[in-house]
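Q: Could you have a look at this structure, given as structure tokens, before my questions?
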Number of protein chains: 2
Amino acid sequence: MMSSEYLPGLAGVPATKSNISSIDGEKGVLAYRGYDIRELAEKSTFEETALLLLDGCLPTASELAEFDRQLKAERPVKYKIRSIMKNLPSSGDPMEMLQTAVASLGMFYGGEEVLSDGITGNDVEYIHSMSVKIISRMATIVAMWEHIRNGYDPIKPRYDLTHAEHFLYMLDGKDPDPLKVRIMDACLVLHAEHTINASTFAAMVCGSTLASPFLVIAAAIGTLAGPLHGGANQRVVEMLKEIGRPENVQSWLDNKLAKKEVIWGMGHREYKTKDPRAIVLQKMMVEWGEAQGTLSPMFETALKLEEACEVALGPKGVYPNVDYYSGILYTEMGIASDQFTPIFALSRVAGWLAHWREQLSDNRIFRPTQIYTGNEHLKYIEIEQR
Amino acid sequence: MMSSEYLPGLAGVPATKSNISSIDGEKGVLAYRGYDIRELAEKSTFEETALLLLDGCLPTASELAEFDRQLKAERPVKYKIRSIMKNLPSSGDPMEMLQTAVASLGMFYGGEEVLSDGITGNDVEYIHSMSVKIISRMATIVAMWEHIRNGYDPIKPRYDLTHAEHFLYMLDGKDPDPLKVRIMDACLVLHAEHTINASTFAAMVCGSTLASPFLVIAAAIGTLAGPLHGGANQRVVEMLKEIGRPENVQSWLDNKLAKKEVIWGMGHREYKTKDPRAIVLQKMMVEWGEAQGTLSPMFETALKLEEACEVALGPKGVYPNVDYYSGILYTEMGIASDQFTPIFALSRVAGWLAHWREQLSDNRIFRPTQIYTGNEHLKYIEIEQR
């Protein structure tokens with residue numbers, strides 16, 4: 001039965017055949033369905049990228065318009081789900097809120113559909129309609145929570161804004177600044193997919209039992225929430241706050257490096273060169289800085305730390321990654337740091353759903369084996385004799 | 001990087017070293033921490049078995065008494081969680097209710113604790129206290145839902161009953177029949193753990209990111225909910241309803257076998273002989289039948305089908321499994337069939353938590369790889385040109 005050696009974390013063990021995304025760690029290239037994400041971040045939108053991930057090819061103008069119409073139509077969230085959210089403690093982790101809310105959506109929209117092995121025509125329709133419901137509502141839910149946890153009613157959805165615009169509008173209640181929108185849209189494109197990481201894998205494992213997509217996405221959200229996975233950009237901001245001011249950077253960094261401690265947002269297991277997503281965001285950070293005229297101390301600290309790290313770590317192949325810049329950009333946009341991972345989730349859901357669909361198209365339930373290291377043949381001892 | 005061949009569903013691929021449970025498929029033995037489950041089902045209780053799974057050894061009388069006290073103390077569920085449940089549609093899938101409710105618990109009890117790699121003394125305390133909170137409340141929540149979805153307030157918890165007694169009491173509102181209690185307790189013991197199946201594996205993947213236990217158990221619940229995993233005992237009952245009466249069994253079975261269709265509750269991938277859990281439950285089914293005096297048509301149909309299957313499938317090594325008997329027993333106890341998988345979950349949670357703890361004790365984040373089969377180096381095409 002056992003045919004492979006044991007590799008902790010299944011590192012290097014192929015768990016699937018996939019045609020959704022690929023990473024070239026040597027060259028620093030991430031591509032979705034064959035398209036370089038640097039090009040997508042510049043030319044595409046989250047809506048188009050999501051459809052590319054779900055369906056496998058760039059949509060025509062009319063396909064995209066239809067998807068956009070569907071996403072907009074699913075923006076409202078039922079008042080009972082709002083009531084559920086209002087019953088959650090305001091101090092709780094927003095990722096747990098998101099997992100709760102998405103799990104609850106399944107009860108409202110799950111229906112009786114059961115997917116069989118092998119996707120038929122009807123299944124594709126079902127998968128698509130569930131994907132629309134989930135992608136659209138996750139953005140609404142994350143934005144709603146910002147108001148609910150502060151004691152306010154959420155902003156009512158509108159139907160004239162793009163996905164990124166609308167998310168920022170629901171966060172702020174006002175028409176968002178175009179540069180903010182462009183940055184948020186690029187962030188959503190850049191975070192939408194990244195091969196078989198832990199949360200995507202959890203979605204595949206859950207999906208392989210033919211569980212409903214709400215159950216599947218809730219499992220993935222729970223997995224992304226772990227501090228070893230989705231929480232790094234939040235840590236970057238905490239680190240920058242700890243450093244405090246640009247003039248503290250060098251001594252702080254020297255001290256950290258001497259103690260061999262983690263510099264959050266630096267380096268990535270998959271890339272030997274600069275994370276391509278970081279390159280895009282770095283450009284946007286400069287643009288944002290120029291547009292603001294005056295820079296915040298955190299922003300200046302971040303720029304300074306980046307320079308210092310380039311000198312100290314660049315020669316070792318350790319560069320800033322996507323988390324470094326996204327955390328700073330979100331902070332500059334006025335977003336609370338515990339909302340960074342939920343924003344990651346509302347983008348990555350496109351990739352999760354693409355992998356869910358791919359899993360169903362050639363499904364086998366995940367049931368790896370174990371190396372048993374425990375006791376054998378013990379005899380039960382009555383409690384009085386223990 | 002890639003060091004193993006691709007095996008769909010990771011079948012036969014070791015994903016962990018574990019000392020929690022073992023299956024001998026040839027001899028038909030399932031053991032928890034070295035103890036044969038046939039012995040545990042007869043002599044132990046769910047509380048003791050759960051502690052055995054969590055801590056690794058049979059507890060002393062005072063350890064068990066303390067665990068029992070802790071479980072009882074955690075029975076009440078906050079009224080805000082009750083409000084959340086009341087906002088869920090009564091027609092929804094109880095597994096989605098359970099995932100929602102458990103995810104929400106994290107916001108109330110999650111705290112700020114972050115587990116580091118390698119479990120320290122404080123971590124063991126944290127893990128234990130979270131395990132108690134989850135095990136105790138899951139039973140309360142499943143029972144509460146039966147009342148809430150029917151429009152009634154749930155039964156108030158009591159503190160003088162065992163876990164199995166209390167679950168049945170909260171379902172019915174009356175002191176449960178001792179034979180029912182013994183059967184339910186044995187069912188909870190028998191379902192508590194079963195090596196690395198999909199839901200346990202999902203708990204490990206989620207836990208490997210150091211996500212909170214509520215997120216982890218919610219991911220596992222989502223995975224158990226899939227019809228290829230936890231839902232088989234419900235299907236058994238639907239199948240028996242379809243057959244209708246004992247005299248229809250033989251022609252129904254002949255027809256099914258001729259068409260090579262699934263007989264629910266028959267056969268198990270891990271066992272070449274009779275599922276040891278089924279042996280225990282079969283005895284209880286006979287005892288239950290004798291105690292009732294008169295048998296329900298479903299019960300008679302089930303006995304008849306079992307006999308017919310023994311003749312037709314036994315020589316091929318296909319025997320009734322745990323799902324066959326548990327579904328019938330739960331139905332005889334008056335439990336709604338869509339509650340079977342939630343009952344499975346409130347037992348299996350002991351195993352999930354044991355694997356969560358084991359994962360943390362020697363953690364590496366799960367990140368398998370993929371065989372990329374998609375497009376490469378595509379050039380973005382402007383939408384007008386598509």
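Going by the structure tokens order, chains are called A, B, ..., each with residues numbered from 1, while ligands are numbered from 1 in the order shown.
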Identify, on the basis of only C-alpha atoms, every residue whose closest approach to Tyr6 of chain A does not exceed 9 Å; exclude the query and any residue fewer than 6 positions from it along the same chain; express the result as a list in words.

A: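 The neighbour list is Gln370 and Ile371 of chain A; Val13, Pro14, Ala15, Thr16 and Lys17 of chain B.
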
Q: Identify, on the basis of only C-alpha atoms, every residue whose closest approach to segment 30-39 of chain A does not exceed 6 Å; exclude the query and any residue fewer than 3 positions from it along the same chain; express the result as a ChimeraX atom specification.

A: /A:20-23,42-43 /B:375-378

Q: Residues of the last selection are to be written out with all heavy atoms, as a PDB file, in the first residue's frame.

A:
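Once written, result_25.pdb looks like this:
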```
ATOM      1  N   ILE A  20      -4.030  25.552 -13.642  1.00  0.00           N
ATOM      2  CA  ILE A  20      -4.538  26.862 -13.219  1.00  0.00           C
ATOM      3  C   ILE A  20      -3.431  27.909 -13.134  1.00  0.00           C
ATOM      4  O   ILE A  20      -3.558  29.001 -13.682  1.00  0.00           O
ATOM      5  CB  ILE A  20      -5.319  26.719 -11.894  1.00  0.00           C
ATOM      6  CG1 ILE A  20      -6.524  25.790 -12.117  1.00  0.00           C
ATOM      7  CG2 ILE A  20      -5.768  28.087 -11.386  1.00  0.00           C
ATOM      8  CD1 ILE A  20      -7.255  25.374 -10.884  1.00  0.00           C
ATOM      9  N   SER A  21      -2.365  27.600 -12.430  1.00  0.00           N
ATOM     10  CA  SER A  21      -1.291  28.594 -12.329  1.00  0.00           C
ATOM     11  C   SER A  21       0.054  27.891 -12.246  1.00  0.00           C
ATOM     12  O   SER A  21       0.132  26.695 -11.957  1.00  0.00           O
ATOM     13  CB  SER A  21      -1.483  29.496 -11.107  1.00  0.00           C
ATOM     14  OG  SER A  21      -1.289  28.754  -9.919  1.00  0.00           O
ATOM     15  N   SER A  22       1.118  28.635 -12.520  1.00  0.00           N
ATOM     16  CA  SER A  22       2.462  28.065 -12.454  1.00  0.00           C
ATOM     17  C   SER A  22       3.425  29.120 -11.927  1.00  0.00           C
ATOM     18  O   SER A  22       3.226  30.319 -12.118  1.00  0.00           O
ATOM     19  CB  SER A  22       2.900  27.599 -13.840  1.00  0.00           C
ATOM     20  OG  SER A  22       2.862  28.690 -14.745  1.00  0.00           O
ATOM     21  N   ILE A  23       4.433  28.641 -11.228  1.00  0.00           N
ATOM     22  CA  ILE A  23       5.466  29.517 -10.679  1.00  0.00           C
ATOM     23  C   ILE A  23       6.804  29.094 -11.277  1.00  0.00           C
ATOM     24  O   ILE A  23       7.132  27.904 -11.263  1.00  0.00           O
ATOM     25  CB  ILE A  23       5.536  29.389  -9.142  1.00  0.00           C
ATOM     26  CG1 ILE A  23       4.223  29.850  -8.498  1.00  0.00           C
ATOM     27  CG2 ILE A  23       6.720  30.187  -8.577  1.00  0.00           C
ATOM     28  CD1 ILE A  23       4.113  29.535  -7.016  1.00  0.00           C
ATOM     29  N   GLU A  42      -1.423  44.879 -14.679  1.00  0.00           N
ATOM     30  CA  GLU A  42      -1.397  46.167 -15.383  1.00  0.00           C
ATOM     31  C   GLU A  42      -2.624  46.333 -16.274  1.00  0.00           C
ATOM     32  O   GLU A  42      -3.232  47.401 -16.320  1.00  0.00           O
ATOM     33  CB  GLU A  42      -0.116  46.193 -16.231  1.00  0.00           C
ATOM     34  CG  GLU A  42       0.275  47.564 -16.758  1.00  0.00           C
ATOM     35  CD  GLU A  42       1.417  47.417 -17.776  1.00  0.00           C
ATOM     36  OE1 GLU A  42       2.362  46.628 -17.499  1.00  0.00           O
ATOM     37  OE2 GLU A  42       1.340  48.041 -18.838  1.00  0.00           O
ATOM     38  N   LYS A  43      -3.000  45.258 -16.974  1.00  0.00           N
ATOM     39  CA  LYS A  43      -4.004  45.398 -18.032  1.00  0.00           C
ATOM     40  C   LYS A  43      -5.375  44.829 -17.687  1.00  0.00           C
ATOM     41  O   LYS A  43      -6.361  45.197 -18.311  1.00  0.00           O
ATOM     42  CB  LYS A  43      -3.501  44.705 -19.302  1.00  0.00           C
ATOM     43  CG  LYS A  43      -2.226  45.323 -19.858  1.00  0.00           C
ATOM     44  CD  LYS A  43      -1.740  44.564 -21.074  1.00  0.00           C
ATOM     45  CE  LYS A  43      -0.402  45.120 -21.553  1.00  0.00           C
ATOM     46  NZ  LYS A  43       0.228  44.222 -22.544  1.00  0.00           N
TER      47      LYS A  43
ATOM     48  N   ASN B 375      -1.263  25.942 -19.933  1.00  0.00           N
ATOM     49  CA  ASN B 375      -0.599  26.788 -20.925  1.00  0.00           C
ATOM     50  C   ASN B 375       0.596  27.511 -20.337  1.00  0.00           C
ATOM     51  O   ASN B 375       0.666  27.734 -19.125  1.00  0.00           O
ATOM     52  CB  ASN B 375      -1.583  27.836 -21.450  1.00  0.00           C
ATOM     53  CG  ASN B 375      -2.680  27.199 -22.278  1.00  0.00           C
ATOM     54  OD1 ASN B 375      -2.418  26.311 -23.071  1.00  0.00           O
ATOM     55  ND2 ASN B 375      -3.912  27.642 -22.065  1.00  0.00           N
ATOM     56  N   GLU B 376       1.495  27.902 -21.227  1.00  0.00           N
ATOM     57  CA  GLU B 376       2.653  28.697 -20.799  1.00  0.00           C
ATOM     58  C   GLU B 376       2.879  29.852 -21.761  1.00  0.00           C
ATOM     59  O   GLU B 376       2.582  29.751 -22.943  1.00  0.00           O
ATOM     60  CB  GLU B 376       3.892  27.804 -20.731  1.00  0.00           C
ATOM     61  CG  GLU B 376       3.869  26.956 -19.467  1.00  0.00           C
ATOM     62  CD  GLU B 376       5.089  26.076 -19.303  1.00  0.00           C
ATOM     63  OE1 GLU B 376       5.178  25.077 -20.033  1.00  0.00           O
ATOM     64  OE2 GLU B 376       5.928  26.393 -18.438  1.00  0.00           O
ATOM     65  N   HIS B 377       3.429  30.932 -21.212  1.00  0.00           N
ATOM     66  CA  HIS B 377       3.877  32.073 -22.018  1.00  0.00           C
ATOM     67  C   HIS B 377       2.805  32.595 -22.971  1.00  0.00           C
ATOM     68  O   HIS B 377       3.063  32.820 -24.143  1.00  0.00           O
ATOM     69  CB  HIS B 377       5.139  31.702 -22.816  1.00  0.00           C
ATOM     70  CG  HIS B 377       6.204  31.100 -21.953  1.00  0.00           C
ATOM     71  ND1 HIS B 377       6.739  31.770 -20.859  1.00  0.00           N
ATOM     72  CD2 HIS B 377       6.818  29.895 -21.988  1.00  0.00           C
ATOM     73  CE1 HIS B 377       7.638  31.002 -20.279  1.00  0.00           C
ATOM     74  NE2 HIS B 377       7.703  29.855 -20.928  1.00  0.00           N
ATOM     75  N   LEU B 378       1.606  32.757 -22.485  1.00  0.00           N
ATOM     76  CA  LEU B 378       0.578  33.379 -23.325  1.00  0.00           C
ATOM     77  C   LEU B 378       0.701  34.901 -23.234  1.00  0.00           C
ATOM     78  O   LEU B 378       1.118  35.435 -22.212  1.00  0.00           O
ATOM     79  CB  LEU B 378      -0.822  32.941 -22.886  1.00  0.00           C
ATOM     80  CG  LEU B 378      -1.134  31.445 -22.993  1.00  0.00           C
ATOM     81  CD1 LEU B 378      -2.581  31.179 -22.588  1.00  0.00           C
ATOM     82  CD2 LEU B 378      -0.882  30.930 -24.400  1.00  0.00           C
TER      83      LEU B 378
END
```

Q: Can you work out which one of B:Ile84, B:Leu360, B:Leu58, B:Val29 has the shortest atom-to-atom distance to chain A, counting only C-alpha atoms?

A: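 For chain A, the nearest of the given residues is B:Ile84.
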
Q: Can you tell me which residues surround segment 68-73 of chain B at a distance of at most 12 Å, considering only C-alpha atoms, apart from same-chain residues fewer than 2 positions away, and format the answer as number ranges by chain?

A: B: 45-51, 59, 61-66, 75-77, 128-140, 157-167

Q: Rank nothing, just name the residue among A:Ala302, A:Ile383, A:Ile148, A:Val349 nearest to chain B, using only C-alpha atoms.

A: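 Of the candidates, the smallest distance to chain B is held by A:Ile383.
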
Q: Kindly indicate which residue among B:Pro342, B:Gly12, B:Pro176, B:Pro276 lies nearest to chain A, using only C-alpha atoms for the distances.

A: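 Of all the options, B:Gly12 lies closest to chain A.
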
Q: Near Met144 of chain B, within 8 Å and counting only C-alpha atoms, which residues show up once chain neighbours fewer than 2 positions away are dropped, as a VMD selection string?

A: chain B and resid 140 to 142 146 to 148 153 to 155 170 to 171

Q: Within 12 Å of Leu329 of chain B, counting only C-alpha atoms, which residues show up once you throw out same-chain ones fewer than 4 positions away? Write them as a short mmCIF file (atom, residue, chain, number, x, y, z; two decimals) with N, CA, C and O atoms, in the first residue's frame, please.

A:
```
data_model
loop_
_atom_site.label_atom_id
_atom_site.label_comp_id
_atom_site.auth_asym_id
_atom_site.auth_seq_id
_atom_site.Cartn_x
_atom_site.Cartn_y
_atom_site.Cartn_z
N LEU B 179 -30.85 1.75 27.64
CA LEU B 179 -30.32 1.01 26.49
C LEU B 179 -29.94 1.99 25.36
O LEU B 179 -28.89 1.85 24.73
N LYS B 180 -30.80 3.00 25.16
CA LYS B 180 -30.49 4.05 24.20
C LYS B 180 -29.16 4.72 24.53
O LYS B 180 -28.33 4.98 23.66
N VAL B 181 -28.98 5.01 25.81
CA VAL B 181 -27.75 5.67 26.26
C VAL B 181 -26.54 4.79 25.96
O VAL B 181 -25.53 5.27 25.46
N ARG B 182 -26.67 3.51 26.26
CA ARG B 182 -25.55 2.61 26.06
C ARG B 182 -25.20 2.52 24.57
O ARG B 182 -24.02 2.53 24.19
N ILE B 183 -26.24 2.48 23.73
CA ILE B 183 -25.98 2.41 22.28
C ILE B 183 -25.35 3.71 21.79
O ILE B 183 -24.37 3.70 21.04
N MET B 184 -25.89 4.84 22.24
CA MET B 184 -25.33 6.12 21.81
C MET B 184 -23.89 6.27 22.28
O MET B 184 -23.02 6.71 21.51
N ALA B 186 -21.75 3.90 22.89
CA ALA B 186 -20.90 3.02 22.06
C ALA B 186 -20.70 3.61 20.67
O ALA B 186 -19.60 3.57 20.12
N CYS B 187 -21.75 4.20 20.10
CA CYS B 187 -21.62 4.84 18.78
C CYS B 187 -20.59 5.97 18.84
O CYS B 187 -19.77 6.13 17.93
N ASN B 233 -24.31 6.82 6.35
CA ASN B 233 -25.36 6.19 7.16
C ASN B 233 -26.75 6.76 6.86
O ASN B 233 -27.75 6.07 6.94
N GLN B 234 -26.73 8.05 6.46
CA GLN B 234 -27.99 8.67 6.03
C GLN B 234 -28.50 7.99 4.75
O GLN B 234 -29.69 7.73 4.61
N VAL B 236 -27.97 4.94 3.89
CA VAL B 236 -28.46 3.59 4.23
C VAL B 236 -29.96 3.66 4.53
O VAL B 236 -30.75 2.85 4.04
N VAL B 237 -30.32 4.66 5.32
CA VAL B 237 -31.73 4.78 5.72
C VAL B 237 -32.60 5.11 4.52
O VAL B 237 -33.70 4.55 4.35
N ALA B 278 -18.73 -2.48 13.00
CA ALA B 278 -20.02 -3.05 12.61
C ALA B 278 -20.38 -4.24 13.50
O ALA B 278 -21.55 -4.44 13.84
N LEU B 281 -21.87 -2.91 16.69
CA LEU B 281 -23.20 -2.33 16.49
C LEU B 281 -24.24 -3.39 16.13
O LEU B 281 -25.41 -3.26 16.51
N GLN B 282 -23.81 -4.41 15.43
CA GLN B 282 -24.74 -5.47 15.06
C GLN B 282 -25.31 -6.15 16.31
O GLN B 282 -26.50 -6.38 16.41
N LYS B 283 -24.42 -6.39 17.28
CA LYS B 283 -24.86 -6.96 18.57
C LYS B 283 -25.89 -6.05 19.23
O LYS B 283 -26.90 -6.50 19.76
N MET B 284 -25.60 -4.76 19.20
CA MET B 284 -26.51 -3.81 19.84
C MET B 284 -27.84 -3.74 19.12
O MET B 284 -28.87 -3.53 19.74
N MET B 285 -27.79 -3.91 17.82
CA MET B 285 -29.01 -3.88 17.04
C MET B 285 -29.92 -5.04 17.43
O MET B 285 -31.13 -4.87 17.59
N VAL B 286 -29.28 -6.21 17.61
CA VAL B 286 -30.05 -7.38 18.04
C VAL B 286 -30.66 -7.13 19.42
O VAL B 286 -31.85 -7.37 19.65
N GLU B 287 -29.84 -6.60 20.32
CA GLU B 287 -30.30 -6.30 21.68
C GLU B 287 -31.46 -5.30 21.65
O GLU B 287 -32.46 -5.46 22.34
N TRP B 288 -31.30 -4.29 20.83
CA TRP B 288 -32.36 -3.28 20.70
C TRP B 288 -33.65 -3.91 20.17
O TRP B 288 -34.73 -3.66 20.71
N GLY B 289 -33.49 -4.74 19.16
CA GLY B 289 -34.65 -5.42 18.57
C GLY B 289 -35.38 -6.26 19.61
O GLY B 289 -36.60 -6.21 19.72
N SER B 296 -39.81 -2.61 13.80
CA SER B 296 -40.35 -1.72 12.76
C SER B 296 -40.06 -2.35 11.39
O SER B 296 -39.13 -3.14 11.26
N MET B 298 -38.69 -1.04 8.87
CA MET B 298 -37.34 -0.70 8.42
C MET B 298 -36.30 -1.60 9.05
O MET B 298 -35.35 -2.04 8.41
N PHE B 299 -36.53 -1.88 10.34
CA PHE B 299 -35.61 -2.72 11.08
C PHE B 299 -35.62 -4.14 10.51
O PHE B 299 -34.57 -4.75 10.27
N ALA B 302 -33.86 -4.14 7.26
CA ALA B 302 -32.41 -4.07 7.44
C ALA B 302 -31.83 -5.45 7.78
O ALA B 302 -30.81 -5.85 7.22
N LEU B 303 -32.51 -6.17 8.66
CA LEU B 303 -32.03 -7.52 9.04
C LEU B 303 -32.04 -8.45 7.83
O LEU B 303 -31.10 -9.21 7.60
N VAL B 322 -19.73 0.13 9.48
CA VAL B 322 -20.26 0.89 10.61
C VAL B 322 -21.49 1.72 10.24
O VAL B 322 -22.41 1.89 11.03
N ASP B 323 -21.49 2.24 9.02
CA ASP B 323 -22.58 3.12 8.59
C ASP B 323 -23.90 2.38 8.47
O ASP B 323 -24.97 2.96 8.65
N TYR B 324 -23.80 1.09 8.12
CA TYR B 324 -25.02 0.31 7.93
C TYR B 324 -25.82 0.26 9.23
O TYR B 324 -27.00 0.58 9.27
N TYR B 325 -25.15 -0.08 10.31
CA TYR B 325 -25.86 -0.26 11.58
C TYR B 325 -26.16 1.06 12.30
O TYR B 325 -27.19 1.20 12.94
N MET B 333 -33.90 5.10 17.21
CA MET B 333 -33.93 6.01 18.36
C MET B 333 -34.74 7.28 18.08
O MET B 333 -34.81 8.17 18.93
N GLY B 334 -35.29 7.40 16.89
CA GLY B 334 -36.11 8.56 16.56
C GLY B 334 -35.32 9.79 16.14
O GLY B 334 -35.82 10.91 16.21
N ILE B 335 -34.09 9.58 15.70
CA ILE B 335 -33.26 10.71 15.29
C ILE B 335 -33.43 10.96 13.79
O ILE B 335 -33.42 10.02 13.00
N ALA B 336 -33.57 12.24 13.43
CA ALA B 336 -33.75 12.61 12.02
C ALA B 336 -32.49 12.24 11.23
O ALA B 336 -31.37 12.42 11.71
N SER B 337 -32.67 11.76 10.00
CA SER B 337 -31.53 11.20 9.26
C SER B 337 -30.48 12.26 8.91
O SER B 337 -29.30 11.95 8.80
N PHE B 340 -27.52 12.49 11.39
CA PHE B 340 -26.55 11.41 11.58
C PHE B 340 -25.12 11.92 11.40
O PHE B 340 -24.23 11.56 12.18
#
```
